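Chemist: Take this structure first; my questions come after.
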Amino acid sequence: MSILAILEQRGGLKPCAYETLSAAATIAKASGMPLRALYIGAGLGEDAQSLAGFGAATVYAYEDPELTHFTPDAYVPIVVGLARELDAKVILGSATSVGKALCASVAGRLGVELAQDCTAVAWDSALAATKPLYAGKVVAEMRLDATPAMATLRPNVVRVERNETPPPSVVQRGKPEVTLRTIIRDVVSAAAGTVELTEAKIVVSGGRGLGDPKHWPVLQSLCDTLGAALGASRAAVDAGWIAHPHQVGQTGKVVSPDVYIACGISGAIQHQAGMRTARLIVAINKDPDAPIFKICDYGIVGDLFEIVPALNEEFRRVLGK
Amino acid sequence: MKIVVLVKRVPDTASVFKVASDGRSVELDGLKFVMSPYDEHAVEEAIRLKEKMGAEVIVLSAGPPECKEVIRSALAMGADAGAHLLLPGDTGYASRGVAEALAVAAKTLEPDLILAGKQAVDDDAAQVPERVAELLDLPHASIVTRLECTATAVTVDCEVEGGQFTAELPLPALVTAQKGLNTPRYPTLPNIMKAKKKEIRELTLDKLGLSGDRLAAGMTVTAMALPRQQRLGKILDGDTAQRVKELVRALREDEKVL
Ligand SMILES: Cc1cc2nc3c(=O)[nH]c(=O)nc-3n(C[C@H](O)[C@H](O)[C@H](O)COP(=O)(O)OP(=O)(O)OC[C@H]3O[C@@H](n4cnc5c(N)ncnc54)[C@H](O)[C@@H]3O)c2cc1C
Ligand SMILES: Nc1ncnc2c1ncn2[C@@H]1O[C@H](COP(=O)(O)O)[C@@H](O)[C@H]1O
């Protein structure tokens with residue numbers, strides 16, 4: 001019996017890999033089952049050391065250049081095989097696009113239950129999961145009674161906690177003997193230095209209030225100062241001011257940063273669906289009656305072209321940048 | 001070429017949701033139901049392929065009798081035929097069982113390509129298509145924003161965090177649609193009229209040789225609530241310099257987030 005955490009990588013381990021491992025460690029402790037980790041990729045290398053402090057005794061590393069990028073053909077048999085080998089009772093992954101597709105496929109192959117995009121998981125003689133439904137308008141508490149039970153965790157919702165336990169020992173495994181039907185033709189990564197929206201600790205978003213796409217640098221400078229990711233409302237995306245991957249909301253990305261700074265965004269219910277679980281919401285809008293002020297922690301009523309540069313200056317001053 | 005599109009009937013997310021009196025489900029009475037938005041992209045893509053290379057497009061939906069309405073809307077967009085798998089009662093959270101039933105139903109239709117939405121916007125379960133693909137042992141790709149098809153293979157762009165990748169899958173295969181894939185068309189009046197005459201095949205679990213037990217969800221909802229997060233709601237006073245200073249101070253000292 002064991003608890004299995006799937007570590008997400010793209011190049012190196014992703015921040016959400018540690019979040020998933022941390023959540024799995026809590027479940028391992030509560031259930032008394034040992035914690036195991038699974039890495040699939042081109043090479044774990046030095047990253048194995050960074051897996052100390054979670055109480056995982058072993059990380060199974062399936063390493064091969066052909067495993068660099070996710071394909072269900074290659075990844076699913078690995079997870080299914082290891083879950084069976086270790087008699088995993090709970091399998092946790094990250095609710096990223098790759099993590100969700102992988103876990104859905106594994107659940108299909110194993111014929112077990114899966115709760116995707118959870119904001120919390122716990123062990124209470126069975127896997128318990130908190131999961132937003134209906135674009136986040138409703139939150140359900142669920143129990144997955146049969147085992148193995150699976151869940152994926154929304155990035156940024158788990159606080160990573162470490163203890164004094166040593167790094168896991170690495171069990172090296174190669175790629176499985178399977179026919180790869182899917183061929184990866186091309187991989188395009190976002191420009192270096194850009195922060196991924198769903199994983200960012202701070203998100204600065206712009207909406208129709210920006211007025212014109214030539215004004216993005218106003219928000220981008222604040223992003224640069226704070227190491228933040230740039231988001232947008234659908235109005236800005238539909239106007240062709242910025243690409244859809246930046247859209248936050250019901251038909252865009254769901255983000256849970258520590259701070260979400262909405263600039264010139266009214267705060268429509270469909271926009272809220274994508275940022276409601278942010279820890280803090282800051283609103284900058286010139287209309288005091290904008291709905292965004294009803295859901296914010298801190299609000300400034302004013303012209304974003306005056307407020308945002310001033311805010312940027314103040315952050316640079318206190319951060320010494 | 002035969003394309004099967006999976007479509008689900010869901011409440012319009014613009015609705016106001018209420019928790020039912022049992023505290024464990026959503027009050028569905030009085031809600032307006034629609035085709036799940038990502039499924040519209042899947043239907044649109046199927047019709048474009050049909051227009052480009054010739055194909056038969058069959059939409060498949062599992063659920064209560066009212067599912068026929070979303071099948072009709074897909075037929076009005078230009079799909080050729082429908083298949084309705086009647087499921088008894090409420091099948092909330094039964095992704096595993098629904099996927100098993102859909103896989104058996106889809107198999108009888110012998111598709112070269114299965115298209116689905118990336119997730120249904122009711123339970124946001126995000127797993128039925130991948131399960132179907134695995135059960136049918138089909139290569140598959142999720143969250144697709146571009147698709148090209150030949151008689152033997154499909155090439156897709158998949159959205160991932162911080163980028164995208166292009167993959168080629170031999171047919172038969174399954175693909176899930178993301179918003180950027182296309183803009184779904186509105187049905188024209190003549191096409192709405194034509195849709196009324198198109199066939200919707202009735203399927204039942206019995207006919208497919210499945211037992212209703214398989215639909216039982218292995219997940220129990222123990223509580224359901226509207227999200228309630230206490231927000232400070234502090235609107236800052238003063239001139240620009242004062243407000244900006246106070247915001248930065250509060251984020252650093254009170255909230256300790258920077
Ligand atoms: C099915 C469906 C799905 C949707 N999905 C999404 C989604 O995923 N994401 C999303 O965001 N929306 C979504 N929407 C759209 C949503 O309903 C709103 O239309 C959209 O969020 C509005 O964007 P906005 O706030 O930028 O624009 P507006 O509502 O026009 O607000 C602009 C705001 O900017 C303020 N402003 C103007 N000038 C300035 C200035 N100089 N300084 C400061 N403030 C200024 C105005 O006071 C106003 O409040 C969806 C809608 C539907 C029907
Ligand atoms: N009952 C159903 N009938 C037909 N298709 C479905 C059904 N449930 C889910 N799907 C398909 O699977 C996709 C993802 O749904 P889900 O996994 O429930 O989020 C949907 O967008 C549909 O294409």
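In the structure tokens, chains take letters A, B, ... by order of appearance, with residues numbered from 1 within each chain and ligands from 1 in the order shown.
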Neighbours of segment 149-164 of chain A within 8 Å (only C-alpha atoms; same-chain residues fewer than 2 positions away dropped), as a ChimeraX atom specification?
Modeler: /A:16,18-20,22-23,52-55,89-96,99-100,103,107,112-121,127,129,144-147,166,198-201,255-257
Chemist: Select all residues from chain B having any atom no more than 7 Å from an atom of chain A (counting only C-alpha atoms, ignoring ligands), output as a ChimeraX atom specification.
Modeler: /B:13,96,121-127,130-131,134-135,139,142,160-170,218-227,231-236,240,244-245,248,257
Chemist: May I ask which of the residues B:Leu136, B:Val26, B:Ile200, B:Val34 is the closest one to ligand 1, counting only C-alpha atoms and all ligand atoms?
Modeler: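 Checking each of B:Leu136, B:Val26, B:Ile200, B:Val34 against ligand 1, counting only C-alpha atoms and all ligand atoms, the winner is B:Val34.
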Chemist: Taking only C-alpha atoms and all ligand atoms into account, name the residue in B:Thr188, B:Ala76, B:Lys179, B:Glu27 that is nearest to ligand 1.
Modeler: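 Using only C-alpha atoms and all ligand atoms, the shortest distance to ligand 1 belongs to B:Lys179.
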Chemist: Could you give me the residues within 9 Å of ligand 1, counting only C-alpha atoms and all ligand atoms, as a PyMOL selection string?
Modeler: (chain A and resi 206-211+232-237+247-254+262-274+284-292+301-307) or (chain B and resi 12-14+37)
Chemist: Mind dumping the selected residues with N, CA and C atoms as a short mmCIF file (atom, residue, chain, number, x, y, z; two decimals), in the first residue's frame?
Modeler:
data_model
loop_
_atom_site.label_atom_id
_atom_site.label_comp_id
_atom_site.auth_asym_id
_atom_site.auth_seq_id
_atom_site.Cartn_x
_atom_site.Cartn_y
_atom_site.Cartn_z
N GLY A 206 -5.19 43.11 -17.25
CA GLY A 206 -5.77 44.30 -17.86
C GLY A 206 -7.03 43.97 -18.61
N GLY A 207 -7.96 44.94 -18.67
CA GLY A 207 -9.21 44.74 -19.39
C GLY A 207 -9.47 45.84 -20.40
N ARG A 208 -10.72 45.99 -20.73
CA ARG A 208 -11.11 46.99 -21.74
C ARG A 208 -10.68 48.40 -21.33
N GLY A 209 -10.54 48.61 -20.01
CA GLY A 209 -10.12 49.91 -19.51
C GLY A 209 -8.75 50.34 -20.01
N LEU A 210 -7.99 49.38 -20.55
CA LEU A 210 -6.67 49.71 -21.10
C LEU A 210 -6.80 50.58 -22.36
N GLY A 211 -7.93 50.44 -23.03
CA GLY A 211 -8.24 51.33 -24.15
C GLY A 211 -7.60 50.99 -25.47
N ALA A 232 -5.48 38.90 -18.70
CA ALA A 232 -6.38 39.79 -19.42
C ALA A 232 -7.82 39.33 -19.26
N SER A 233 -8.74 40.26 -19.45
CA SER A 233 -10.16 39.90 -19.48
C SER A 233 -10.50 39.43 -20.89
N ARG A 234 -11.66 38.83 -21.02
CA ARG A 234 -12.09 38.38 -22.33
C ARG A 234 -12.31 39.55 -23.28
N ALA A 235 -12.78 40.67 -22.73
CA ALA A 235 -13.01 41.84 -23.59
C ALA A 235 -11.70 42.22 -24.29
N ALA A 236 -10.59 42.17 -23.54
CA ALA A 236 -9.29 42.52 -24.13
C ALA A 236 -8.86 41.48 -25.16
N VAL A 237 -9.14 40.21 -24.88
CA VAL A 237 -8.76 39.14 -25.80
C VAL A 237 -9.63 39.21 -27.06
N GLN A 247 -6.00 34.90 -21.22
CA GLN A 247 -7.34 35.18 -20.69
C GLN A 247 -7.60 34.48 -19.36
N VAL A 248 -8.10 35.26 -18.42
CA VAL A 248 -8.49 34.72 -17.11
C VAL A 248 -10.01 34.67 -17.08
N GLY A 249 -10.56 33.54 -16.62
CA GLY A 249 -12.01 33.49 -16.49
C GLY A 249 -12.58 32.15 -16.88
N GLN A 250 -13.89 32.14 -16.95
CA GLN A 250 -14.63 30.92 -17.23
C GLN A 250 -14.17 30.24 -18.51
N THR A 251 -13.92 31.02 -19.56
CA THR A 251 -13.48 30.42 -20.81
C THR A 251 -11.99 30.67 -21.02
N GLY A 252 -11.30 31.00 -19.96
CA GLY A 252 -9.85 31.19 -20.02
C GLY A 252 -9.20 30.37 -18.92
N LYS A 253 -8.16 30.93 -18.32
CA LYS A 253 -7.44 30.19 -17.28
C LYS A 253 -8.03 30.48 -15.90
N VAL A 254 -7.83 29.52 -15.02
CA VAL A 254 -8.19 29.71 -13.62
C VAL A 254 -6.89 29.93 -12.87
N ALA A 262 -6.29 43.60 -10.65
CA ALA A 262 -7.16 43.80 -11.81
C ALA A 262 -7.15 45.28 -12.18
N CYS A 263 -6.72 45.59 -13.39
CA CYS A 263 -6.63 46.98 -13.82
C CYS A 263 -7.59 47.24 -14.99
N GLY A 264 -8.55 48.11 -14.80
CA GLY A 264 -9.50 48.41 -15.87
C GLY A 264 -10.34 47.21 -16.26
N ILE A 265 -10.69 46.41 -15.24
CA ILE A 265 -11.55 45.23 -15.44
C ILE A 265 -12.77 45.43 -14.55
N SER A 266 -13.96 45.22 -15.14
CA SER A 266 -15.18 45.51 -14.37
C SER A 266 -15.46 44.44 -13.32
N GLY A 267 -15.03 43.19 -13.60
CA GLY A 267 -15.26 42.13 -12.62
C GLY A 267 -16.52 41.34 -12.89
N ALA A 268 -16.81 41.09 -14.18
CA ALA A 268 -17.99 40.29 -14.56
C ALA A 268 -17.87 38.90 -13.92
N ILE A 269 -19.02 38.27 -13.71
CA ILE A 269 -19.07 36.98 -13.04
C ILE A 269 -18.19 35.94 -13.77
N GLN A 270 -18.14 36.02 -15.11
CA GLN A 270 -17.31 35.05 -15.85
C GLN A 270 -15.83 35.33 -15.65
N HIS A 271 -15.48 36.58 -15.39
CA HIS A 271 -14.08 36.88 -15.08
C HIS A 271 -13.75 36.37 -13.67
N GLN A 272 -14.68 36.58 -12.75
CA GLN A 272 -14.48 36.11 -11.37
C GLN A 272 -14.23 34.61 -11.32
N ALA A 273 -14.87 33.87 -12.24
CA ALA A 273 -14.71 32.40 -12.26
C ALA A 273 -13.24 32.02 -12.35
N GLY A 274 -12.42 32.90 -12.92
CA GLY A 274 -11.02 32.56 -13.12
C GLY A 274 -10.08 33.09 -12.06
N ILE A 284 -8.15 48.14 -9.48
CA ILE A 284 -7.92 49.53 -9.88
C ILE A 284 -8.89 49.82 -11.02
N ASN A 285 -9.83 50.74 -10.77
CA ASN A 285 -10.88 50.99 -11.75
C ASN A 285 -11.42 52.39 -11.51
N LYS A 286 -11.74 53.09 -12.59
CA LYS A 286 -12.18 54.48 -12.38
C LYS A 286 -13.66 54.59 -12.01
N ASP A 287 -14.39 53.48 -12.15
CA ASP A 287 -15.82 53.51 -11.80
C ASP A 287 -16.02 52.95 -10.39
N PRO A 288 -16.42 53.81 -9.42
CA PRO A 288 -16.57 53.33 -8.04
C PRO A 288 -17.64 52.24 -7.91
N ASP A 289 -18.55 52.14 -8.90
CA ASP A 289 -19.60 51.12 -8.82
C ASP A 289 -19.26 49.84 -9.55
N ALA A 290 -18.03 49.73 -10.07
CA ALA A 290 -17.65 48.50 -10.79
C ALA A 290 -17.76 47.30 -9.84
N PRO A 291 -18.33 46.18 -10.33
CA PRO A 291 -18.53 45.00 -9.46
C PRO A 291 -17.23 44.47 -8.85
N ILE A 292 -16.11 44.73 -9.48
CA ILE A 292 -14.83 44.22 -8.98
C ILE A 292 -14.57 44.73 -7.55
N VAL A 301 -10.02 53.63 -6.51
CA VAL A 301 -10.87 54.21 -7.54
C VAL A 301 -10.05 55.28 -8.24
N GLY A 302 -9.77 55.06 -9.52
CA GLY A 302 -8.97 56.05 -10.24
C GLY A 302 -8.56 55.57 -11.62
N ASP A 303 -7.89 56.46 -12.33
CA ASP A 303 -7.44 56.18 -13.70
C ASP A 303 -6.21 55.28 -13.63
N LEU A 304 -6.29 54.14 -14.29
CA LEU A 304 -5.18 53.19 -14.21
C LEU A 304 -3.88 53.78 -14.76
N PHE A 305 -4.00 54.72 -15.71
CA PHE A 305 -2.79 55.29 -16.31
C PHE A 305 -2.06 56.22 -15.33
N GLU A 306 -2.77 56.59 -14.26
CA GLU A 306 -2.14 57.39 -13.22
C GLU A 306 -1.69 56.47 -12.07
N ILE A 307 -2.57 55.55 -11.70
CA ILE A 307 -2.33 54.71 -10.52
C ILE A 307 -1.22 53.68 -10.77
N ASP B 12 -26.72 26.55 -18.33
CA ASP B 12 -26.01 27.75 -18.78
C ASP B 12 -25.28 28.33 -17.56
N THR B 13 -23.96 28.55 -17.73
CA THR B 13 -23.20 29.02 -16.55
C THR B 13 -23.51 30.47 -16.19
N ALA B 14 -24.27 31.17 -17.06
CA ALA B 14 -24.69 32.52 -16.69
C ALA B 14 -25.78 32.46 -15.62
N PRO B 37 -20.22 24.73 -23.87
CA PRO B 37 -19.58 25.61 -24.86
C PRO B 37 -18.40 24.97 -25.62
#
Chemist: How would you report the residues lying within 6 Å of ligand 2, as a list in words, if you count only C-alpha atoms and all ligand atoms?
Modeler: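 Using only C-alpha atoms and all ligand atoms, everything at most 6 Å from ligand 2 comes to Leu6, Val7, Lys8, Tyr38, Asp39, Leu60, Ser61, Ala62, Gly63, Ala116, Gly117, Lys118, Gln119, Ala120, Asp124, Ala125, Ala126, Gln127, Val128 and Pro129 of chain B.
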Chemist: If you run DSSP over the backbone, which residues in segment 140-282 of chain A end up strand (DSSP E or B)? Put them as JSON, numbers by chain.
Modeler: {"A": [140, 141, 142, 143, 144, 149, 150, 151, 152, 153, 169, 170, 171, 172, 173, 183, 184, 185, 186, 187, 188, 189, 202, 203, 204, 205, 206, 229, 230, 231, 232, 247, 248, 253, 259, 260, 261, 262, 263, 280, 281, 282]}
Chemist: Using only C-alpha atoms, determine which residues lie at most 10 Å from Lys197 of chain B, disregarding the query and same-chain residues fewer than 2 positions distant; provide the list as a list of chain:residue names.
Modeler: B:Arg72, B:Leu75, B:Ala81, B:Ile192, B:Met193, B:Lys194, B:Ala195, B:Glu199, B:Ile200
Chemist: Any idea what the distance is between atom CA of Tyr60 of chain A and atom CA of Ala28 of chain A?
Modeler: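 Atom CA of Tyr60 of chain A sits 16.9 Å away from atom CA of Ala28 of chain A.
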Chemist: Can you tell me which residues surround segment 44-49 of chain A at a distance of at most 8 Å, considering only C-alpha atoms, apart from same-chain residues fewer than 6 positions away, and format the answer as a PyMOL selection string?
Modeler: chain A and resi 12-13+59+61+63+167-168+170
Chemist: Got a sec to tell me which of segment 31-176 of chain A DSSP assigns to alpha helix (DSSP H), as a VMD selection string?
Modeler: chain A and resid 31 72 to 85 97 to 110
Chemist: Find the residue from B:Asp80, B:Glu246, B:Glu100, B:Asp237 that sits nearest to Lys196 of chain B; use only C-alpha atoms when measuring.
Modeler: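 Checking each of B:Asp80, B:Glu246, B:Glu100, B:Asp237 against Lys196 of chain B, counting only C-alpha atoms, the winner is B:Asp80.
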